[in-house]
$ cat target_18.cif   # mmCIF, N, CA and C atoms
data_protein
#
loop_
_atom_site.label_atom_id
_atom_site.label_comp_id
_atom_site.auth_asym_id
_atom_site.auth_seq_id
_atom_site.Cartn_x
_atom_site.Cartn_y
_atom_site.Cartn_z
N MET A 1 -9.85 -2.14 17.98
CA MET A 1 -8.67 -2.83 17.52
C MET A 1 -8.13 -2.06 16.31
N LYS A 2 -6.83 -1.97 16.23
CA LYS A 2 -6.19 -1.35 15.08
C LYS A 2 -5.70 -2.45 14.15
N LEU A 3 -6.03 -2.32 12.86
CA LEU A 3 -5.62 -3.28 11.85
C LEU A 3 -4.78 -2.59 10.79
N GLY A 4 -3.96 -3.36 10.10
CA GLY A 4 -3.17 -2.85 9.00
C GLY A 4 -3.09 -3.87 7.88
N PHE A 5 -3.35 -3.42 6.65
CA PHE A 5 -3.29 -4.29 5.48
C PHE A 5 -2.66 -3.51 4.33
N TYR A 6 -1.99 -4.23 3.44
CA TYR A 6 -1.46 -3.62 2.24
C TYR A 6 -2.60 -3.33 1.27
N SER A 7 -2.50 -2.22 0.58
CA SER A 7 -3.47 -1.83 -0.44
C SER A 7 -3.08 -2.44 -1.78
N GLU A 8 -4.03 -3.11 -2.42
CA GLU A 8 -3.80 -3.68 -3.75
C GLU A 8 -3.39 -2.58 -4.73
N LEU A 9 -4.09 -1.48 -4.71
CA LEU A 9 -3.82 -0.39 -5.64
C LEU A 9 -2.47 0.27 -5.35
N ALA A 10 -2.22 0.61 -4.11
CA ALA A 10 -0.99 1.32 -3.77
C ALA A 10 0.26 0.45 -3.96
N ARG A 11 0.11 -0.86 -3.88
CA ARG A 11 1.27 -1.75 -4.02
C ARG A 11 1.51 -2.19 -5.46
N ARG A 12 0.80 -1.61 -6.42
CA ARG A 12 0.91 -2.04 -7.82
C ARG A 12 2.35 -1.99 -8.33
N ASN A 13 3.11 -0.97 -7.95
CA ASN A 13 4.50 -0.87 -8.41
C ASN A 13 5.40 -1.87 -7.68
N ILE A 14 5.08 -2.16 -6.43
CA ILE A 14 5.83 -3.17 -5.68
C ILE A 14 5.60 -4.54 -6.30
N VAL A 15 4.36 -4.82 -6.69
CA VAL A 15 4.03 -6.10 -7.34
C VAL A 15 4.80 -6.23 -8.65
N LYS A 16 4.83 -5.15 -9.42
CA LYS A 16 5.57 -5.16 -10.68
C LYS A 16 7.06 -5.43 -10.45
N ALA A 17 7.63 -4.80 -9.43
CA ALA A 17 9.04 -5.03 -9.11
C ALA A 17 9.27 -6.45 -8.62
N SER A 18 8.36 -6.97 -7.82
CA SER A 18 8.48 -8.35 -7.33
C SER A 18 8.40 -9.35 -8.47
N ASP A 19 7.55 -9.08 -9.45
CA ASP A 19 7.47 -9.94 -10.64
C ASP A 19 8.77 -9.90 -11.43
N PHE A 20 9.37 -8.71 -11.52
CA PHE A 20 10.66 -8.56 -12.18
C PHE A 20 11.73 -9.39 -11.46
N ILE A 21 11.72 -9.32 -10.15
CA ILE A 21 12.67 -10.07 -9.32
C ILE A 21 12.54 -11.56 -9.57
N ALA A 22 11.30 -12.05 -9.50
CA ALA A 22 11.06 -13.48 -9.71
C ALA A 22 11.46 -13.90 -11.12
N GLY A 23 11.16 -13.07 -12.10
CA GLY A 23 11.48 -13.39 -13.49
C GLY A 23 12.96 -13.40 -13.81
N HIS A 24 13.74 -12.70 -13.00
CA HIS A 24 15.18 -12.63 -13.23
C HIS A 24 15.99 -13.43 -12.22
N GLY A 25 15.31 -14.12 -11.33
CA GLY A 25 15.98 -15.06 -10.43
C GLY A 25 16.78 -14.44 -9.30
N TYR A 26 16.50 -13.22 -8.92
CA TYR A 26 17.20 -12.62 -7.78
C TYR A 26 16.76 -13.35 -6.51
N LYS A 27 17.71 -13.53 -5.62
CA LYS A 27 17.43 -14.16 -4.32
C LYS A 27 17.43 -13.09 -3.23
N ALA A 28 16.90 -13.43 -2.08
CA ALA A 28 16.81 -12.49 -0.96
C ALA A 28 18.10 -12.46 -0.14
N THR A 29 19.23 -12.47 -0.82
CA THR A 29 20.53 -12.39 -0.16
C THR A 29 21.04 -10.95 -0.26
N PRO A 30 21.90 -10.53 0.65
CA PRO A 30 22.42 -9.16 0.57
C PRO A 30 23.07 -8.86 -0.79
N GLY A 31 23.81 -9.81 -1.33
CA GLY A 31 24.46 -9.59 -2.62
C GLY A 31 23.47 -9.41 -3.75
N ASP A 32 22.46 -10.26 -3.80
CA ASP A 32 21.45 -10.15 -4.86
C ASP A 32 20.59 -8.90 -4.69
N ILE A 33 20.32 -8.51 -3.46
CA ILE A 33 19.54 -7.29 -3.24
C ILE A 33 20.33 -6.08 -3.73
N ARG A 34 21.62 -6.05 -3.43
CA ARG A 34 22.45 -4.95 -3.93
C ARG A 34 22.50 -4.96 -5.46
N ARG A 35 22.65 -6.15 -6.04
CA ARG A 35 22.70 -6.28 -7.51
C ARG A 35 21.38 -5.84 -8.13
N LEU A 36 20.27 -6.26 -7.53
CA LEU A 36 18.95 -5.86 -8.02
C LEU A 36 18.82 -4.34 -8.03
N ARG A 37 19.20 -3.70 -6.92
CA ARG A 37 19.06 -2.25 -6.85
C ARG A 37 19.89 -1.57 -7.93
N GLN A 38 21.10 -2.03 -8.14
CA GLN A 38 21.95 -1.46 -9.19
C GLN A 38 21.31 -1.69 -10.57
N ASP A 39 20.82 -2.89 -10.81
CA ASP A 39 20.21 -3.21 -12.10
C ASP A 39 18.95 -2.38 -12.34
N MET A 40 18.13 -2.21 -11.32
CA MET A 40 16.91 -1.43 -11.49
C MET A 40 17.22 0.05 -11.76
N MET A 41 18.25 0.57 -11.13
CA MET A 41 18.60 1.97 -11.34
C MET A 41 19.16 2.21 -12.74
N LYS A 42 19.68 1.17 -13.38
CA LYS A 42 20.21 1.30 -14.74
C LYS A 42 19.13 1.22 -15.81
N LEU A 43 17.96 0.73 -15.45
CA LEU A 43 16.88 0.55 -16.42
C LEU A 43 16.33 1.88 -16.89
N ASP A 44 15.83 1.89 -18.09
CA ASP A 44 15.17 3.06 -18.66
C ASP A 44 13.89 3.37 -17.89
N GLU A 45 13.48 4.63 -17.89
CA GLU A 45 12.25 5.04 -17.20
C GLU A 45 11.04 4.25 -17.66
N SER A 46 11.06 3.80 -18.92
CA SER A 46 9.91 3.07 -19.46
C SER A 46 9.69 1.73 -18.76
N ALA A 47 10.70 1.25 -18.03
CA ALA A 47 10.53 0.00 -17.28
C ALA A 47 9.50 0.17 -16.16
N GLY A 48 9.27 1.41 -15.75
CA GLY A 48 8.23 1.70 -14.78
C GLY A 48 8.60 1.51 -13.32
N PHE A 49 9.90 1.51 -13.00
CA PHE A 49 10.30 1.29 -11.63
C PHE A 49 10.63 2.57 -10.86
N LEU A 50 10.49 3.73 -11.48
CA LEU A 50 10.81 4.97 -10.79
C LEU A 50 10.07 5.14 -9.46
N PRO A 51 8.78 4.81 -9.39
CA PRO A 51 8.11 4.95 -8.09
C PRO A 51 8.77 4.10 -6.99
N VAL A 52 9.25 2.92 -7.34
CA VAL A 52 9.90 2.05 -6.35
C VAL A 52 11.27 2.62 -5.98
N LEU A 53 11.98 3.14 -6.97
CA LEU A 53 13.31 3.70 -6.72
C LEU A 53 13.24 4.91 -5.80
N GLY A 54 12.12 5.57 -5.75
CA GLY A 54 11.97 6.74 -4.91
C GLY A 54 11.56 6.45 -3.47
N LEU A 55 11.29 5.20 -3.16
CA LEU A 55 10.87 4.85 -1.80
C LEU A 55 12.08 4.70 -0.88
N PRO A 56 12.00 5.22 0.34
CA PRO A 56 13.13 5.11 1.27
C PRO A 56 13.57 3.66 1.52
N ASP A 57 12.63 2.73 1.53
CA ASP A 57 12.97 1.32 1.80
C ASP A 57 13.86 0.73 0.72
N PHE A 58 13.87 1.30 -0.46
CA PHE A 58 14.69 0.77 -1.55
C PHE A 58 16.18 0.84 -1.23
N PHE A 59 16.59 1.77 -0.39
CA PHE A 59 18.01 2.03 -0.17
C PHE A 59 18.61 1.35 1.05
N SER A 60 17.84 0.56 1.74
CA SER A 60 18.34 -0.23 2.86
C SER A 60 18.17 -1.69 2.51
N THR A 61 19.21 -2.48 2.67
CA THR A 61 19.14 -3.89 2.30
C THR A 61 18.02 -4.61 3.02
N SER A 62 17.92 -4.44 4.32
CA SER A 62 16.88 -5.16 5.07
C SER A 62 15.49 -4.63 4.72
N ALA A 63 15.34 -3.31 4.57
CA ALA A 63 14.03 -2.76 4.22
C ALA A 63 13.64 -3.14 2.80
N CYS A 64 14.60 -3.18 1.89
CA CYS A 64 14.34 -3.59 0.51
C CYS A 64 13.91 -5.05 0.47
N ARG A 65 14.56 -5.89 1.26
CA ARG A 65 14.17 -7.30 1.35
C ARG A 65 12.73 -7.41 1.82
N ASP A 66 12.38 -6.65 2.85
CA ASP A 66 11.03 -6.70 3.38
C ASP A 66 10.02 -6.19 2.36
N MET A 67 10.37 -5.16 1.61
CA MET A 67 9.45 -4.54 0.67
C MET A 67 9.26 -5.38 -0.60
N LEU A 68 10.32 -5.97 -1.14
CA LEU A 68 10.25 -6.59 -2.46
C LEU A 68 10.37 -8.11 -2.50
N PHE A 69 10.83 -8.73 -1.43
CA PHE A 69 11.10 -10.16 -1.48
C PHE A 69 10.17 -10.98 -0.59
N HIS A 70 8.95 -10.51 -0.39
CA HIS A 70 7.99 -11.28 0.41
C HIS A 70 7.77 -12.65 -0.22
N VAL A 71 7.80 -13.67 0.59
CA VAL A 71 7.45 -15.01 0.11
C VAL A 71 5.97 -15.05 -0.20
N GLN A 72 5.19 -14.41 0.65
CA GLN A 72 3.74 -14.36 0.46
C GLN A 72 3.25 -13.02 0.99
N GLU A 73 2.51 -12.30 0.17
CA GLU A 73 1.98 -11.01 0.60
C GLU A 73 0.50 -10.96 0.24
N HIS A 74 -0.30 -10.56 1.19
CA HIS A 74 -1.73 -10.41 0.96
C HIS A 74 -2.04 -8.93 0.84
N ARG A 75 -2.77 -8.57 -0.21
CA ARG A 75 -3.18 -7.19 -0.43
C ARG A 75 -4.71 -7.15 -0.45
N MET A 76 -5.25 -6.04 0.00
CA MET A 76 -6.70 -5.90 0.11
C MET A 76 -7.16 -4.68 -0.69
N THR A 77 -8.47 -4.63 -0.89
CA THR A 77 -9.11 -3.44 -1.44
C THR A 77 -10.06 -2.90 -0.38
N LEU A 78 -10.42 -1.66 -0.49
CA LEU A 78 -11.35 -1.09 0.48
C LEU A 78 -12.74 -1.71 0.35
N GLY A 79 -13.11 -2.12 -0.86
CA GLY A 79 -14.38 -2.81 -1.03
C GLY A 79 -14.41 -4.12 -0.27
N PHE A 80 -13.33 -4.88 -0.34
CA PHE A 80 -13.24 -6.15 0.38
C PHE A 80 -13.28 -5.91 1.89
N ILE A 81 -12.52 -4.92 2.34
CA ILE A 81 -12.49 -4.61 3.77
C ILE A 81 -13.88 -4.20 4.25
N GLY A 82 -14.54 -3.33 3.50
CA GLY A 82 -15.87 -2.89 3.88
C GLY A 82 -16.86 -4.05 3.98
N ALA A 83 -16.81 -4.95 3.01
CA ALA A 83 -17.71 -6.12 3.03
C ALA A 83 -17.40 -7.00 4.23
N PHE A 84 -16.12 -7.22 4.52
CA PHE A 84 -15.73 -8.05 5.66
C PHE A 84 -16.23 -7.44 6.97
N LEU A 85 -16.04 -6.13 7.11
CA LEU A 85 -16.49 -5.47 8.34
C LEU A 85 -18.00 -5.60 8.51
N SER A 86 -18.72 -5.39 7.43
CA SER A 86 -20.18 -5.49 7.48
C SER A 86 -20.63 -6.91 7.83
N GLU A 87 -20.07 -7.90 7.17
CA GLU A 87 -20.43 -9.30 7.41
C GLU A 87 -20.13 -9.75 8.83
N ASN A 88 -19.14 -9.14 9.45
CA ASN A 88 -18.71 -9.55 10.78
C ASN A 88 -19.13 -8.58 11.88
N LYS A 89 -20.05 -7.69 11.53
CA LYS A 89 -20.61 -6.73 12.49
C LYS A 89 -19.51 -5.93 13.20
N LEU A 90 -18.62 -5.37 12.36
CA LEU A 90 -17.53 -4.55 12.87
C LEU A 90 -17.73 -3.13 12.35
N GLN A 91 -17.49 -2.15 13.19
CA GLN A 91 -17.66 -0.76 12.82
C GLN A 91 -16.30 -0.13 12.53
N PHE A 92 -16.22 0.55 11.40
CA PHE A 92 -15.02 1.27 10.98
C PHE A 92 -15.01 2.64 11.67
N PHE A 93 -13.90 2.95 12.37
CA PHE A 93 -13.79 4.22 13.08
C PHE A 93 -12.86 5.21 12.41
N GLY A 94 -12.14 4.80 11.40
CA GLY A 94 -11.30 5.74 10.68
C GLY A 94 -9.88 5.26 10.50
N PHE A 95 -9.21 5.90 9.56
CA PHE A 95 -7.83 5.58 9.25
C PHE A 95 -6.87 6.32 10.16
N ASP A 96 -5.77 5.70 10.46
CA ASP A 96 -4.64 6.34 11.10
C ASP A 96 -3.79 6.85 9.95
N ILE A 97 -3.96 8.13 9.61
CA ILE A 97 -3.39 8.66 8.38
C ILE A 97 -2.97 10.12 8.59
N GLY A 98 -2.08 10.58 7.78
CA GLY A 98 -1.57 11.95 7.91
C GLY A 98 -2.67 13.00 7.77
N ALA A 99 -2.47 14.10 8.46
CA ALA A 99 -3.45 15.20 8.46
C ALA A 99 -3.67 15.76 7.06
N HIS A 100 -2.62 15.82 6.25
CA HIS A 100 -2.76 16.36 4.89
C HIS A 100 -3.67 15.49 4.03
N VAL A 101 -3.62 14.18 4.22
CA VAL A 101 -4.49 13.27 3.48
C VAL A 101 -5.93 13.45 3.96
N LEU A 102 -6.09 13.52 5.26
CA LEU A 102 -7.43 13.70 5.82
C LEU A 102 -8.05 15.02 5.34
N GLN A 103 -7.25 16.06 5.29
CA GLN A 103 -7.75 17.35 4.79
C GLN A 103 -8.15 17.25 3.33
N ALA A 104 -7.34 16.57 2.52
CA ALA A 104 -7.67 16.40 1.10
C ALA A 104 -8.95 15.59 0.94
N TYR A 105 -9.10 14.55 1.75
CA TYR A 105 -10.32 13.74 1.71
C TYR A 105 -11.53 14.60 2.06
N ARG A 106 -11.41 15.39 3.10
CA ARG A 106 -12.54 16.23 3.55
C ARG A 106 -12.88 17.33 2.53
N ARG A 107 -11.87 17.81 1.80
CA ARG A 107 -12.17 18.76 0.73
C ARG A 107 -12.95 18.07 -0.38
N ARG A 108 -12.59 16.82 -0.66
CA ARG A 108 -13.26 16.05 -1.72
C ARG A 108 -14.66 15.62 -1.29
N PHE A 109 -14.81 15.23 -0.02
CA PHE A 109 -16.09 14.74 0.51
C PHE A 109 -16.45 15.51 1.78
N PRO A 110 -16.85 16.78 1.64
CA PRO A 110 -17.12 17.61 2.82
C PRO A 110 -18.28 17.11 3.69
N ASP A 111 -19.17 16.31 3.13
CA ASP A 111 -20.30 15.83 3.93
C ASP A 111 -19.94 14.62 4.79
N ASP A 112 -18.74 14.06 4.62
CA ASP A 112 -18.29 12.94 5.46
C ASP A 112 -17.26 13.48 6.45
N ARG A 113 -17.72 14.30 7.39
CA ARG A 113 -16.80 14.94 8.34
C ARG A 113 -16.07 13.92 9.21
N ALA A 114 -16.72 12.81 9.51
CA ALA A 114 -16.07 11.78 10.33
C ALA A 114 -15.05 10.98 9.53
N ALA A 115 -15.10 11.10 8.21
CA ALA A 115 -14.18 10.40 7.30
C ALA A 115 -14.23 8.89 7.52
N THR A 116 -15.43 8.36 7.60
CA THR A 116 -15.60 6.93 7.87
C THR A 116 -16.38 6.19 6.78
N ASN A 117 -16.61 6.84 5.66
CA ASN A 117 -17.35 6.20 4.56
C ASN A 117 -16.35 5.49 3.65
N LEU A 118 -16.27 4.17 3.78
CA LEU A 118 -15.28 3.41 3.01
C LEU A 118 -15.54 3.47 1.51
N GLY A 119 -16.78 3.61 1.10
CA GLY A 119 -17.08 3.76 -0.33
C GLY A 119 -16.46 5.02 -0.89
N ARG A 120 -16.52 6.09 -0.13
CA ARG A 120 -15.92 7.35 -0.57
C ARG A 120 -14.39 7.29 -0.48
N TRP A 121 -13.88 6.60 0.53
CA TRP A 121 -12.43 6.41 0.61
C TRP A 121 -11.94 5.63 -0.61
N GLU A 122 -12.74 4.68 -1.07
CA GLU A 122 -12.35 3.91 -2.25
C GLU A 122 -12.27 4.83 -3.48
N ILE A 123 -13.22 5.73 -3.62
CA ILE A 123 -13.17 6.71 -4.70
C ILE A 123 -11.92 7.58 -4.56
N PHE A 124 -11.67 8.06 -3.35
CA PHE A 124 -10.51 8.90 -3.08
C PHE A 124 -9.21 8.16 -3.43
N GLU A 125 -9.13 6.89 -3.02
CA GLU A 125 -7.91 6.13 -3.33
C GLU A 125 -7.75 5.93 -4.83
N ASN A 126 -8.83 5.67 -5.54
CA ASN A 126 -8.73 5.52 -7.00
C ASN A 126 -8.26 6.80 -7.66
N GLU A 127 -8.65 7.93 -7.11
CA GLU A 127 -8.20 9.22 -7.63
C GLU A 127 -6.78 9.56 -7.18
N ASN A 128 -6.35 8.97 -6.08
CA ASN A 128 -5.03 9.23 -5.48
C ASN A 128 -4.40 7.88 -5.12
N PRO A 129 -3.94 7.12 -6.11
CA PRO A 129 -3.58 5.72 -5.88
C PRO A 129 -2.41 5.45 -4.93
N ASP A 130 -1.65 6.44 -4.57
CA ASP A 130 -0.54 6.21 -3.64
C ASP A 130 -0.88 6.62 -2.21
N THR A 131 -2.15 6.93 -1.95
CA THR A 131 -2.57 7.37 -0.62
C THR A 131 -2.16 6.38 0.46
N PHE A 132 -2.36 5.11 0.20
CA PHE A 132 -2.09 4.08 1.22
C PHE A 132 -0.85 3.27 0.85
N LEU A 133 0.18 3.94 0.39
CA LEU A 133 1.40 3.26 -0.02
C LEU A 133 2.01 2.46 1.12
N GLY A 134 1.96 3.00 2.32
CA GLY A 134 2.45 2.25 3.47
C GLY A 134 1.52 1.09 3.77
N MET A 135 0.34 1.38 4.18
CA MET A 135 -0.69 0.38 4.48
C MET A 135 -1.99 1.11 4.74
N TYR A 136 -3.07 0.34 4.67
CA TYR A 136 -4.31 0.79 5.29
C TYR A 136 -4.11 0.52 6.78
N GLN A 137 -4.18 1.52 7.61
CA GLN A 137 -4.15 1.33 9.06
C GLN A 137 -5.40 2.00 9.60
N PHE A 138 -6.20 1.22 10.29
CA PHE A 138 -7.49 1.76 10.72
C PHE A 138 -7.97 1.08 12.00
N TRP A 139 -8.97 1.74 12.58
CA TRP A 139 -9.54 1.31 13.85
C TRP A 139 -10.94 0.74 13.62
N ILE A 140 -11.24 -0.36 14.31
CA ILE A 140 -12.57 -0.98 14.23
C ILE A 140 -13.03 -1.36 15.64
N GLN A 141 -14.32 -1.65 15.74
CA GLN A 141 -14.88 -2.13 17.00
C GLN A 141 -16.06 -3.04 16.67
N LYS A 142 -16.27 -4.03 17.49
CA LYS A 142 -17.41 -4.92 17.36
C LYS A 142 -18.69 -4.15 17.64
N VAL A 143 -19.71 -4.34 16.79
CA VAL A 143 -21.00 -3.72 16.99
C VAL A 143 -21.86 -4.67 17.81
N ASP A 144 -22.51 -4.15 18.84
CA ASP A 144 -23.36 -5.00 19.68
C ASP A 144 -24.69 -5.27 19.04
#
$ encode --input "target_18.cif" --output "structure tokens"
Amino acid sequence: MKLGFYSELARRNIVKASDFIAGHGYKATPGDIRRLRQDMMKLDESAGFLPVLGLPDFFSTSACRDMLFHVQEHRMTLGFIGAFLSENKLQFFGFDIGAHVLQAYRRRFPDDRAATNLGRWEIFENENPDTFLGMYQFWIQKVD
């Protein structure tokens, strides 16, 4: 089975932007989304929104709504995912991730050729916090 979850670490800037939205009363309407984008682009770099402004989803009204105006969003950590898989007798088969990321991981952890050690992936993500900016997408199987 293939699963996908948002990364707590990678979504840190999205969470910050969502908190800004809630604090300033923006609504998930096309007009407010356009106003939000204009307001965020006018802010000083110290506001910390540059990573969000650089995301492709920021520039489409519907994608921006999906990215920043979630009513409820659940984010996970690799430690939580690993514990859940272990408790439920599920085997991790690897991430569906770009080749460049996989190569960087293998350079960092050459002894994990299968790239299936979630503890090491957690270290890698902490060193490269935007690795899973889209989502954790991975394959699992029930262990007999």
$ atom_distance --input "target_18.cif" --atom1 "atom CA of Tyr6 of chain A" --atom2 "atom CA of Leu133 of chain A"
7.8 Å
$ atom_distance --input "target_18.cif" --atom1 "atom N of Trp121 of chain A" --atom2 "atom CA of Ile14 of chain A"
22.9 Å
$ select_by_dssp --input "target_18.cif" --residues "chain A" --states "strand (DSSP E)" --output "list of chain:residue names"
A:Lys2, A:Leu3, A:Gly4, A:Phe5, A:Tyr6, A:Ser7, A:Arg75, A:Met76, A:Leu90, A:Gln91, A:Phe92, A:Phe93, A:Gly94, A:Phe95, A:Tyr136, A:Gln137, A:Phe138, A:Trp139, A:Ile140, A:Gln141, A:Lys142
$ select_by_dssp --input "target_18.cif" --residues "segment 5-143 of chain A" --states "helix (DSSP H, G or I)" --output "JSON, numbers by chain"
{"A": [12, 13, 14, 15, 16, 17, 18, 19, 20, 21, 22, 23, 24, 30, 31, 32, 33, 34, 35, 36, 37, 38, 39, 40, 41, 42, 45, 46, 47, 50, 51, 52, 53, 56, 57, 58, 59, 61, 62, 63, 64, 65, 66, 67, 68, 78, 79, 80, 81, 82, 83, 84, 85, 86, 87, 99, 100, 101, 102, 103, 104, 105, 106, 107, 108, 118, 119, 120, 121, 122, 123, 124, 125, 126, 127]}
$ residues_around --input "target_18.cif" --residues "segment 61-66 of chain A" --least-positions-apart "6" --cutoff "10 Å" --atoms "only C-alpha atoms" --output "compact mmCIF listing (two decimals) with N, CA and C atoms, keeping the file's coordinate frame"
# COMPACT_ATOMS: atom_id res chain seq x y z
N LYS A 27 17.71 -13.53 -5.62
CA LYS A 27 17.43 -14.16 -4.32
C LYS A 27 17.43 -13.09 -3.23
N ALA A 28 16.90 -13.43 -2.08
CA ALA A 28 16.81 -12.49 -0.96
C ALA A 28 18.10 -12.46 -0.14
N THR A 29 19.23 -12.47 -0.82
CA THR A 29 20.53 -12.39 -0.16
C THR A 29 21.04 -10.95 -0.26
N PRO A 30 21.90 -10.53 0.65
CA PRO A 30 22.42 -9.16 0.57
C PRO A 30 23.07 -8.86 -0.79
N GLY A 31 23.81 -9.81 -1.33
CA GLY A 31 24.46 -9.59 -2.62
C GLY A 31 23.47 -9.41 -3.75
N ASP A 32 22.46 -10.26 -3.80
CA ASP A 32 21.45 -10.15 -4.86
C ASP A 32 20.59 -8.90 -4.69
N ILE A 33 20.32 -8.51 -3.46
CA ILE A 33 19.54 -7.29 -3.24
C ILE A 33 20.33 -6.08 -3.73
N ARG A 34 21.62 -6.05 -3.43
CA ARG A 34 22.45 -4.95 -3.93
C ARG A 34 22.50 -4.96 -5.46
N LEU A 36 20.27 -6.26 -7.53
CA LEU A 36 18.95 -5.86 -8.02
C LEU A 36 18.82 -4.34 -8.03
N ARG A 37 19.20 -3.70 -6.92
CA ARG A 37 19.06 -2.25 -6.85
C ARG A 37 19.89 -1.57 -7.93
N VAL A 52 9.25 2.92 -7.34
CA VAL A 52 9.90 2.05 -6.35
C VAL A 52 11.27 2.62 -5.98
N LEU A 55 11.29 5.20 -3.16
CA LEU A 55 10.87 4.85 -1.80
C LEU A 55 12.08 4.70 -0.88
$ resolve_selection --input "target_18.cif" --expression "the PyMOL selection byres ((chain A and resi 95-104) around 6.5)" --output "list in words"
Phe93, Gly94, Tyr105, Arg106, Arg107, Arg108, Phe109, Ala115, Gln137, Phe138 and Trp139 of chain A
$ atom_distance --input "target_18.cif" --atom1 "atom C of Phe92 of chain A" --atom2 "atom C of Gln72 of chain A"
26.3 Å
$ closest_residue --input "target_18.cif" --among "A:Ile81, A:Leu53, A:Ile140, A:Met40" --to "Glu122 of chain A" --atoms "only C-alpha atoms"
A:Ile81
$ residues_near_point --input "target_18.cif" --point "(-15.9, -1.9, 0.2)" --cutoff "10 Å" --atoms "only C-alpha atoms" --output "number ranges by chain"
A: 77-86, 117-122
$ write_last_selection --input "target_18.cif" --atoms "N, CA and C atoms" --output "PDB file, in the coordinates of the input"
ATOM      1  N   THR A  77      -8.470  -4.630  -0.890  1.00  0.00           N
ATOM      2  CA  THR A  77      -9.110  -3.440  -1.440  1.00  0.00           C
ATOM      3  C   THR A  77     -10.060  -2.900  -0.380  1.00  0.00           C
ATOM      4  N   LEU A  78     -10.420  -1.660  -0.490  1.00  0.00           N
ATOM      5  CA  LEU A  78     -11.350  -1.090   0.480  1.00  0.00           C
ATOM      6  C   LEU A  78     -12.740  -1.710   0.350  1.00  0.00           C
ATOM      7  N   GLY A  79     -13.110  -2.120  -0.860  1.00  0.00           N
ATOM      8  CA  GLY A  79     -14.380  -2.810  -1.030  1.00  0.00           C
ATOM      9  C   GLY A  79     -14.410  -4.120  -0.270  1.00  0.00           C
ATOM     10  N   PHE A  80     -13.330  -4.880  -0.340  1.00  0.00           N
ATOM     11  CA  PHE A  80     -13.240  -6.150   0.380  1.00  0.00           C
ATOM     12  C   PHE A  80     -13.280  -5.910   1.890  1.00  0.00           C
ATOM     13  N   ILE A  81     -12.520  -4.920   2.340  1.00  0.00           N
ATOM     14  CA  ILE A  81     -12.490  -4.610   3.770  1.00  0.00           C
ATOM     15  C   ILE A  81     -13.880  -4.200   4.250  1.00  0.00           C
ATOM     16  N   GLY A  82     -14.540  -3.330   3.500  1.00  0.00           N
ATOM     17  CA  GLY A  82     -15.870  -2.890   3.880  1.00  0.00           C
ATOM     18  C   GLY A  82     -16.860  -4.050   3.980  1.00  0.00           C
ATOM     19  N   ALA A  83     -16.810  -4.950   3.010  1.00  0.00           N
ATOM     20  CA  ALA A  83     -17.710  -6.120   3.030  1.00  0.00           C
ATOM     21  C   ALA A  83     -17.400  -7.000   4.230  1.00  0.00           C
ATOM     22  N   PHE A  84     -16.120  -7.220   4.520  1.00  0.00           N
ATOM     23  CA  PHE A  84     -15.730  -8.050   5.660  1.00  0.00           C
ATOM     24  C   PHE A  84     -16.230  -7.440   6.970  1.00  0.00           C
ATOM     25  N   LEU A  85     -16.040  -6.130   7.110  1.00  0.00           N
ATOM     26  CA  LEU A  85     -16.490  -5.470   8.340  1.00  0.00           C
ATOM     27  C   LEU A  85     -18.000  -5.600   8.510  1.00  0.00           C
ATOM     28  N   SER A  86     -18.720  -5.390   7.430  1.00  0.00           N
ATOM     29  CA  SER A  86     -20.180  -5.490   7.480  1.00  0.00           C
ATOM     30  C   SER A  86     -20.630  -6.910   7.830  1.00  0.00           C
ATOM     31  N   ASN A 117     -16.610   6.840   5.660  1.00  0.00           N
ATOM     32  CA  ASN A 117     -17.350   6.200   4.560  1.00  0.00           C
ATOM     33  C   ASN A 117     -16.350   5.490   3.650  1.00  0.00           C
ATOM     34  N   LEU A 118     -16.270   4.170   3.780  1.00  0.00           N
ATOM     35  CA  LEU A 118     -15.280   3.410   3.010  1.00  0.00           C
ATOM     36  C   LEU A 118     -15.540   3.470   1.510  1.00  0.00           C
ATOM     37  N   GLY A 119     -16.780   3.610   1.100  1.00  0.00           N
ATOM     38  CA  GLY A 119     -17.080   3.760  -0.330  1.00  0.00           C
ATOM     39  C   GLY A 119     -16.460   5.020  -0.890  1.00  0.00           C
ATOM     40  N   ARG A 120     -16.520   6.090  -0.130  1.00  0.00           N
ATOM     41  CA  ARG A 120     -15.920   7.350  -0.570  1.00  0.00           C
ATOM     42  C   ARG A 120     -14.390   7.290  -0.480  1.00  0.00           C
ATOM     43  N   TRP A 121     -13.880   6.600   0.530  1.00  0.00           N
ATOM     44  CA  TRP A 121     -12.430   6.410   0.610  1.00  0.00           C
ATOM     45  C   TRP A 121     -11.940   5.630  -0.610  1.00  0.00           C
ATOM     46  N   GLU A 122     -12.740   4.680  -1.070  1.00  0.00           N
ATOM     47  CA  GLU A 122     -12.350   3.910  -2.250  1.00  0.00           C
ATOM     48  C   GLU A 122     -12.270   4.830  -3.480  1.00  0.00           C
TER      49      GLU A 122
END
$ residues_around --input "target_18.cif" --residues "Ala17 of chain A" --least-positions-apart "5" --cutoff "7 Å" --atoms "all atoms listed in the file" --output "list of chain:residue names"
A:Arg12, A:Ala22, A:Phe49, A:Leu68
